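Asker: Input my_file.cif, format and content: mmCIF, C-alpha atoms.
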data_upload
loop_
_atom_site.label_atom_id
_atom_site.label_comp_id
_atom_site.auth_asym_id
_atom_site.auth_seq_id
_atom_site.Cartn_x
_atom_site.Cartn_y
_atom_site.Cartn_z
CA ILE A 6 9.56 -34.16 -38.30
CA ASP A 7 9.37 -37.03 -40.77
CA VAL A 8 11.53 -36.72 -43.87
CA SER A 9 11.35 -39.38 -46.59
CA VAL A 10 12.55 -39.86 -50.14
CA GLN A 11 10.48 -42.05 -52.46
CA GLY A 12 8.61 -43.37 -49.48
CA GLN A 13 11.72 -44.24 -47.50
CA PRO A 14 12.69 -42.26 -44.37
CA VAL A 15 16.08 -40.58 -44.58
CA LEU A 16 18.72 -41.38 -42.02
CA GLY A 17 17.80 -39.95 -38.61
CA SER A 18 14.15 -39.38 -39.46
CA PRO A 19 11.96 -38.56 -37.62
CA PHE A 20 13.85 -35.52 -36.38
CA ILE A 21 12.92 -34.10 -32.97
CA ARG A 22 12.83 -30.33 -32.82
CA GLU A 23 11.46 -28.01 -30.15
CA ALA A 24 9.84 -24.69 -31.02
CA ALA A 25 10.80 -22.11 -28.39
CA PRO A 26 8.44 -19.29 -27.39
CA SER A 27 9.12 -15.92 -28.96
CA ALA A 28 9.52 -12.65 -27.05
CA PRO A 29 6.85 -11.41 -24.60
CA SER A 30 3.93 -9.75 -26.31
CA GLN A 31 2.08 -6.68 -25.08
CA SER A 32 -1.27 -8.09 -26.21
CA THR A 33 -1.01 -11.39 -24.33
CA SER A 34 1.09 -10.53 -21.25
CA TYR A 35 -0.84 -9.27 -18.26
CA ALA A 36 -0.71 -8.39 -14.57
CA PHE A 37 -3.37 -8.99 -11.94
CA GLY A 38 -4.05 -8.55 -8.22
CA PRO A 39 -5.57 -5.99 -5.80
CA ALA A 40 -2.25 -4.11 -5.52
CA LEU A 41 -2.88 -2.80 -9.05
CA SER A 42 -5.65 -0.59 -7.68
CA SER A 43 -4.82 0.18 -4.04
CA GLY A 44 -2.38 -0.24 -1.17
CA ASN A 45 -1.65 1.00 2.35
CA ALA A 46 1.15 3.33 3.36
CA GLY A 47 4.21 1.44 4.57
CA VAL A 48 2.81 -2.00 3.68
CA LYS A 49 4.34 -4.10 0.90
CA ALA A 50 1.84 -4.44 -1.94
CA ARG A 51 2.16 -7.47 -4.21
CA PHE A 52 0.70 -8.42 -7.58
CA SER A 53 1.27 -11.15 -10.16
CA MET A 54 2.29 -10.97 -13.80
CA LYS A 55 2.32 -13.57 -16.56
CA LEU A 56 4.38 -13.23 -19.72
CA ARG A 57 3.21 -14.78 -22.99
CA ASP A 58 4.39 -14.48 -26.58
CA GLN A 59 2.03 -13.38 -29.36
CA TYR A 60 0.70 -16.93 -29.70
CA GLY A 61 -0.04 -17.34 -25.98
CA ASN A 62 3.01 -19.49 -25.21
CA GLU A 63 4.63 -19.02 -21.81
CA VAL A 64 7.85 -17.04 -22.08
CA LEU A 65 10.58 -18.63 -19.96
CA ALA A 66 13.49 -16.34 -20.77
CA LYS A 67 14.05 -13.65 -18.14
CA ALA A 68 12.58 -10.32 -19.15
CA THR A 69 13.78 -6.80 -18.39
CA THR A 70 11.24 -5.09 -16.12
CA ASN A 71 10.73 -1.68 -14.57
CA LEU A 72 8.16 -0.57 -11.99
CA THR A 73 7.60 3.01 -10.74
CA LEU A 74 4.83 4.83 -8.86
CA ASP A 75 4.37 8.56 -9.49
CA GLN A 76 2.02 10.56 -7.29
CA THR A 77 -0.54 12.53 -9.26
CA GLY A 78 0.13 16.26 -9.21
CA SER A 79 3.50 16.10 -7.45
CA ASP A 80 7.08 14.98 -7.97
CA VAL A 81 6.82 12.20 -5.35
CA SER A 82 7.88 8.85 -6.77
CA PHE A 83 8.45 5.35 -5.40
CA GLY A 84 10.19 2.43 -7.05
CA GLY A 85 9.44 -1.26 -6.88
CA GLU A 86 10.76 -4.57 -8.14
CA VAL A 87 9.48 -7.39 -10.30
CA VAL A 88 10.90 -10.84 -9.51
CA GLN A 89 10.85 -13.89 -11.77
CA LEU A 90 9.40 -16.90 -9.95
CA LEU A 91 10.43 -20.56 -10.21
CA SER A 92 7.84 -21.21 -12.91
CA LEU A 93 9.91 -18.76 -15.04
CA SER A 94 6.85 -17.42 -16.90
CA ASP A 95 5.36 -16.01 -13.69
CA TYR A 96 6.54 -12.83 -11.98
CA GLU A 97 5.72 -11.08 -8.71
CA GLY A 98 5.72 -7.30 -8.44
CA VAL A 99 6.30 -5.58 -5.09
CA TYR A 100 6.14 -1.92 -4.13
CA THR A 101 5.92 0.11 -0.91
CA ALA A 102 4.67 3.70 -0.79
CA THR A 103 4.74 5.72 2.44
CA LEU A 104 2.79 8.78 1.32
CA ALA A 105 -0.97 8.43 0.95
CA GLY A 106 -2.61 9.70 -2.23
CA GLN A 107 -3.38 9.02 -5.87
CA TYR A 108 -0.67 7.40 -8.01
CA GLN A 109 -0.02 6.07 -11.45
CA MET A 110 2.06 2.91 -11.61
CA SER A 111 4.08 2.21 -14.73
CA LEU A 112 4.84 -1.47 -15.41
CA VAL A 113 7.25 -1.94 -18.31
CA VAL A 114 8.51 -5.25 -19.74
CA ASN A 115 11.23 -5.31 -22.40
CA GLY A 116 10.43 -1.70 -23.25
CA PHE A 117 6.63 -1.96 -23.56
CA ASP A 118 3.83 -1.19 -21.09
CA VAL A 119 1.95 -4.24 -19.87
CA GLU A 120 -1.75 -4.09 -20.70
CA GLY A 121 -3.43 -1.58 -18.35
CA SER A 122 -0.20 0.29 -17.56
CA PRO A 123 -0.05 2.90 -16.22
CA PHE A 124 -2.41 1.69 -13.48
CA ASP A 125 -4.38 4.14 -11.31
CA ILE A 126 -3.61 3.31 -7.67
CA VAL A 127 -4.81 4.76 -4.37
CA ILE A 128 -2.48 4.53 -1.38
CA PHE A 129 -4.47 4.75 1.85
CA PRO A 130 -3.05 5.86 5.23
CA GLY A 131 -1.57 3.13 7.40
CA ALA A 132 -2.60 2.22 10.93
CA THR A 133 -2.77 5.00 13.50
CA HIS A 134 0.52 5.54 15.32
CA TRP A 135 0.64 7.38 18.62
CA SER A 136 3.89 9.19 17.85
CA LYS A 137 2.32 11.17 14.97
CA CYS A 138 -1.06 11.97 16.54
CA MET A 139 -1.79 15.54 17.58
CA ALA A 140 -3.92 17.14 20.32
CA TYR A 141 -4.86 20.79 20.42
CA GLY A 142 -7.49 23.07 21.90
CA PRO A 143 -8.28 25.21 24.97
CA GLY A 144 -8.86 22.25 27.27
CA LEU A 145 -5.17 21.44 27.17
CA GLN A 146 -4.19 24.74 28.82
CA ALA A 147 -6.92 25.70 31.24
CA ALA A 148 -10.32 24.75 32.62
CA ILE A 149 -12.98 26.39 34.80
CA ALA A 150 -14.44 24.42 37.69
CA GLY A 151 -17.88 23.16 36.81
CA ASP A 152 -17.58 23.90 33.09
CA VAL A 153 -17.06 21.38 30.32
CA SER A 154 -13.63 21.71 28.72
CA THR A 155 -12.73 20.26 25.34
CA PHE A 156 -9.79 19.65 23.04
CA ASN A 157 -9.29 17.96 19.69
CA ILE A 158 -7.30 14.91 18.62
CA VAL A 159 -6.10 14.27 15.06
CA SER A 160 -4.91 10.77 14.23
CA ARG A 161 -2.10 10.05 11.76
CA ASP A 162 -0.11 6.99 10.74
CA ARG A 163 3.62 6.53 11.44
CA TYR A 164 4.49 8.38 8.22
CA GLY A 165 2.42 11.45 9.10
CA ASN A 166 -0.51 10.69 6.78
CA PHE A 167 -3.81 11.93 8.16
CA ARG A 168 -6.16 9.08 8.94
CA THR A 169 -9.57 9.18 7.23
CA GLN A 170 -11.32 6.61 9.42
CA GLY A 171 -12.22 6.48 13.09
CA GLY A 172 -12.24 3.69 15.62
CA ASP A 173 -9.12 4.61 17.60
CA ASP A 174 -9.32 4.03 21.35
CA PHE A 175 -7.97 7.34 22.66
CA LYS A 176 -8.22 7.80 26.42
CA THR A 177 -7.80 10.94 28.51
CA SER A 178 -7.01 10.95 32.22
CA LEU A 179 -6.47 13.83 34.66
CA THR A 180 -4.69 13.69 38.00
CA GLY A 181 -4.53 16.40 40.63
CA GLN A 182 -7.06 17.68 43.16
CA GLN A 183 -9.39 14.99 41.83
CA LEU A 184 -9.15 12.10 39.39
CA ALA A 185 -11.11 12.36 36.18
CA THR A 186 -11.38 10.86 32.72
CA GLY A 187 -12.52 12.45 29.48
CA GLY A 188 -15.32 11.47 27.17
CA LEU A 189 -14.55 10.90 23.48
CA ILE A 190 -16.53 11.79 20.37
CA ASP A 191 -15.39 9.93 17.27
CA TYR A 192 -16.25 11.69 14.01
CA GLN A 193 -15.24 8.60 12.00
CA ASN A 194 -12.89 10.65 9.81
CA GLY A 195 -9.68 10.56 11.85
CA THR A 196 -10.66 13.46 14.14
CA TYR A 197 -11.94 13.32 17.71
CA VAL A 198 -13.14 15.65 20.45
CA THR A 199 -12.43 14.94 24.11
CA SER A 200 -14.43 16.61 26.89
CA PHE A 201 -14.07 16.63 30.66
CA SER A 202 -15.37 18.53 33.67
CA LEU A 203 -13.60 19.32 36.96
CA VAL A 204 -15.21 20.65 40.13
CA MET A 205 -12.11 21.28 42.20
CA ALA A 206 -9.70 24.07 41.29
CA GLY A 207 -5.99 23.40 41.21
CA GLU A 208 -3.21 22.13 39.00
CA TYR A 209 -3.74 18.93 37.04
CA GLY A 210 -1.74 16.61 34.88
CA LEU A 211 -3.50 15.58 31.66
CA THR A 212 -2.52 12.45 29.74
CA VAL A 213 -3.77 11.33 26.33
CA SER A 214 -3.04 7.73 25.40
CA LEU A 215 -3.60 5.32 22.57
CA GLY A 216 -3.41 1.80 23.90
CA VAL A 217 -0.38 1.67 26.18
CA ASP A 218 1.36 4.65 24.55
CA THR A 219 0.96 8.29 25.56
CA PHE A 220 1.59 11.46 23.57
#
Once more with this new file: its structure as structure tokens, please.
Answerer:
Amino acid sequence: IDVSVQGQPVLGSPFIREAAPSAPSQSTSYAFGPALSSGNAGVKARFSMKLRDQYGNEVLAKATTNLTLDQTGSDVSFGGEVVQLLSLSDYEGVYTATLAGQYQMSLVVNGFDVEGSPFDIVIFPGATHWSKCMAYGPGLQAAIAGDVSTFNIVSRDRYGNFRTQGGDDFKTSLTGQQLATGGLIDYQNGTYVTSFSLVMAGEYGLTVSLGVDTF
């Protein structure tokens, strides 16, 4: 800033002053990333956020943030955290939900909702886990020699969420009077049907496995 009197600069002129950014603005601050629309159960979901004042200047002062996920139609809720990065104006949000379903995520900065908040988020089931899978049906209790016996398999992730996709490599083996394996029908929705046929009567042990694990 140049200050002069009758054409002569005053002592100390020009003065150096720095204009600091003002507080974060709702209209210019924003969040972005795929985690603002979907995630997977048990997997950390991350998104980015940039804080700007009303003139678009980067806000370097640490802001007060709050992040919560509320499942639609229930009282299930998960928290998260928003961390200020080294650039100071950039933040990273992280959340982990273990129950699949529809959610609304509230992202609040200094008391106001960031543009787009609350965000509609879908949490999908995680990877299939053998410990939560289920098998049921008549073929697990008894079979008639020469007939085809069947039973069902339902896949779930480690948190008990029902899987909605197929592709799991379930295997069935029988040991007893003869050795046999079962065929598998994959309905591509997380459910399967296993069938087998025995020709020799007797007692058998039946094992269902997923990879190296049995259940």
Asker: Between A:Gly12, A:Val87, A:Ala140, A:Thr69, which is the closest to Thr219 (chain A) once you count only C-alpha atoms?
Answerer: A:Ala140
Asker: When distances are computed from all atoms listed in the file, which of A:Asn45, A:Asn71, A:Gln182, A:Thr33 shows the smallest separation from Ala132 (chain A)?
Answerer: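 Among the listed residues, A:Asn45 lies closest to Ala132 (chain A).
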Asker: Taking the file as shown, what set of residues would the PyMOL selection byres ((chain A and resi 156) around 6) give back, as a list in words?
Answerer: Tyr141, Gly142, Gly144, Thr155, Asn157, Val198 and Thr199 of chain A
Asker: Which residue gives the smallest distance to Val153 (chain A) among A:Ser136, A:Ser94, A:Ser202, A:Thr169, with all atoms listed in the file counted?
Answerer: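 Smallest distance to Val153 (chain A) is found for A:Ser202.
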Asker: Could you give me, as a PyMOL selection string, the residues within 8 Å of Ile128 (chain A), counting all atoms listed in the file and dropping anything in the same chain fewer than 6 positions from it?
Answerer: chain A and resi 43-46+102+104-108
Asker: Evaluating the PyMOL selection byres ((chain A and resi 119) around 10) on the displayed file yields which residues, as a JSON list (two decimals) with C-alpha atoms, in the frame of the given file?
Answerer:
[["chain", "number", "residue", "atom", "x", "y", "z"],
["A", 29, "PRO", "CA", 6.85, -11.41, -24.60],
["A", 30, "SER", "CA", 3.93, -9.75, -26.31],
["A", 31, "GLN", "CA", 2.08, -6.68, -25.08],
["A", 32, "SER", "CA", -1.27, -8.09, -26.21],
["A", 33, "THR", "CA", -1.01, -11.39, -24.33],
["A", 34, "SER", "CA", 1.09, -10.53, -21.25],
["A", 35, "TYR", "CA", -0.84, -9.27, -18.26],
["A", 36, "ALA", "CA", -0.71, -8.39, -14.57],
["A", 54, "MET", "CA", 2.29, -10.97, -13.80],
["A", 55, "LYS", "CA", 2.32, -13.57, -16.56],
["A", 56, "LEU", "CA", 4.38, -13.23, -19.72],
["A", 111, "SER", "CA", 4.08, 2.21, -14.73],
["A", 112, "LEU", "CA", 4.84, -1.47, -15.41],
["A", 113, "VAL", "CA", 7.25, -1.94, -18.31],
["A", 114, "VAL", "CA", 8.51, -5.25, -19.74],
["A", 115, "ASN", "CA", 11.23, -5.31, -22.40],
["A", 116, "GLY", "CA", 10.43, -1.70, -23.25],
["A", 117, "PHE", "CA", 6.63, -1.96, -23.56],
["A", 118, "ASP", "CA", 3.83, -1.19, -21.09],
["A", 120, "GLU", "CA", -1.75, -4.09, -20.70],
["A", 121, "GLY", "CA", -3.43, -1.58, -18.35],
["A", 122, "SER", "CA", -0.20, 0.29, -17.56],
["A", 123, "PRO", "CA", -0.05, 2.90, -16.22],
["A", 124, "PHE", "CA", -2.41, 1.69, -13.48]]
Asker: Which distance in Å separates CA of Gly151 (chain A) and CA of Gln193 (chain A), to one decimal?
Answerer: 28.9 Å
Asker: Give me the residues near Arg163 (chain A) as a VMD selection string, where near means some atom within 9 Å (using only C-alpha atoms) and where sequence neighbours in that chain fewer than 5 positions away do not count.
Answerer: chain A and resid 47 131 to 138
Asker: Run the PyMOL selection byres ((chain A and resi 174) around 10) against the file shown and list the residues it catches, as an NGL selection string.
Answerer: :A and (171-173 or 175-176 or 189 or 191 or 214-216)
Asker: Near Lys67 (chain A), within 8 Å and counting all atoms listed in the file, which residues show up once chain neighbours fewer than 2 positions away are dropped, as a short mmCIF file (atom, residue, chain, number, x, y, z; two decimals) with C-alpha atoms, in the coordinates of the input?
Answerer:
data_model
loop_
_atom_site.label_atom_id
_atom_site.label_comp_id
_atom_site.auth_asym_id
_atom_site.auth_seq_id
_atom_site.Cartn_x
_atom_site.Cartn_y
_atom_site.Cartn_z
CA LEU A 65 10.58 -18.63 -19.96
CA THR A 69 13.78 -6.80 -18.39
CA GLN A 89 10.85 -13.89 -11.77
CA LEU A 93 9.91 -18.76 -15.04
#
Asker: I'd like to know which of A:Ala40, A:Pro130, A:Ala150, A:Val64 is closest to Glu97 (chain A), using only C-alpha atoms.
Answerer: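 Counting only C-alpha atoms, the residue closest to Glu97 (chain A) is A:Ala40.
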Asker: Which of these residues is nearest to Val127 (chain A), using all atoms listed in the file: A:Ser27, A:Pro39, A:Ser79, A:Tyr96?
Answerer: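 Residue with the minimum atom-to-atom distance to Val127 (chain A): A:Pro39.
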Asker: What is the CA of Met110 (chain A)-CA of Ala68 (chain A) distance in Å, reported with one decimal?
Answerer: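 Interatomic distance, CA of Met110 (chain A) to CA of Ala68 (chain A): 18.5 Å.
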Asker: Could you check how far CA of Gly195 (chain A) sits from CA of Asp80 (chain A), in Å to one decimal?
Answerer: 26.3 Å
Asker: Which of these residues is nearest to Ile158 (chain A), using all atoms listed in the file: A:Leu179, A:Ile190, A:Val204, A:Ala185?
Answerer: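 Nearest candidate to Ile158 (chain A) out of A:Leu179, A:Ile190, A:Val204, A:Ala185: A:Ile190.
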Asker: Considering all atoms listed in the file, return as JSON, numbers by chain whatever protein or nucleic-acid residues lie within 10 Å of Met139 (chain A), sequence-local ones (same chain, fewer than 5 positions apart) excluded.
Answerer: {"A": [157, 158, 159, 160, 161, 196, 213, 220]}
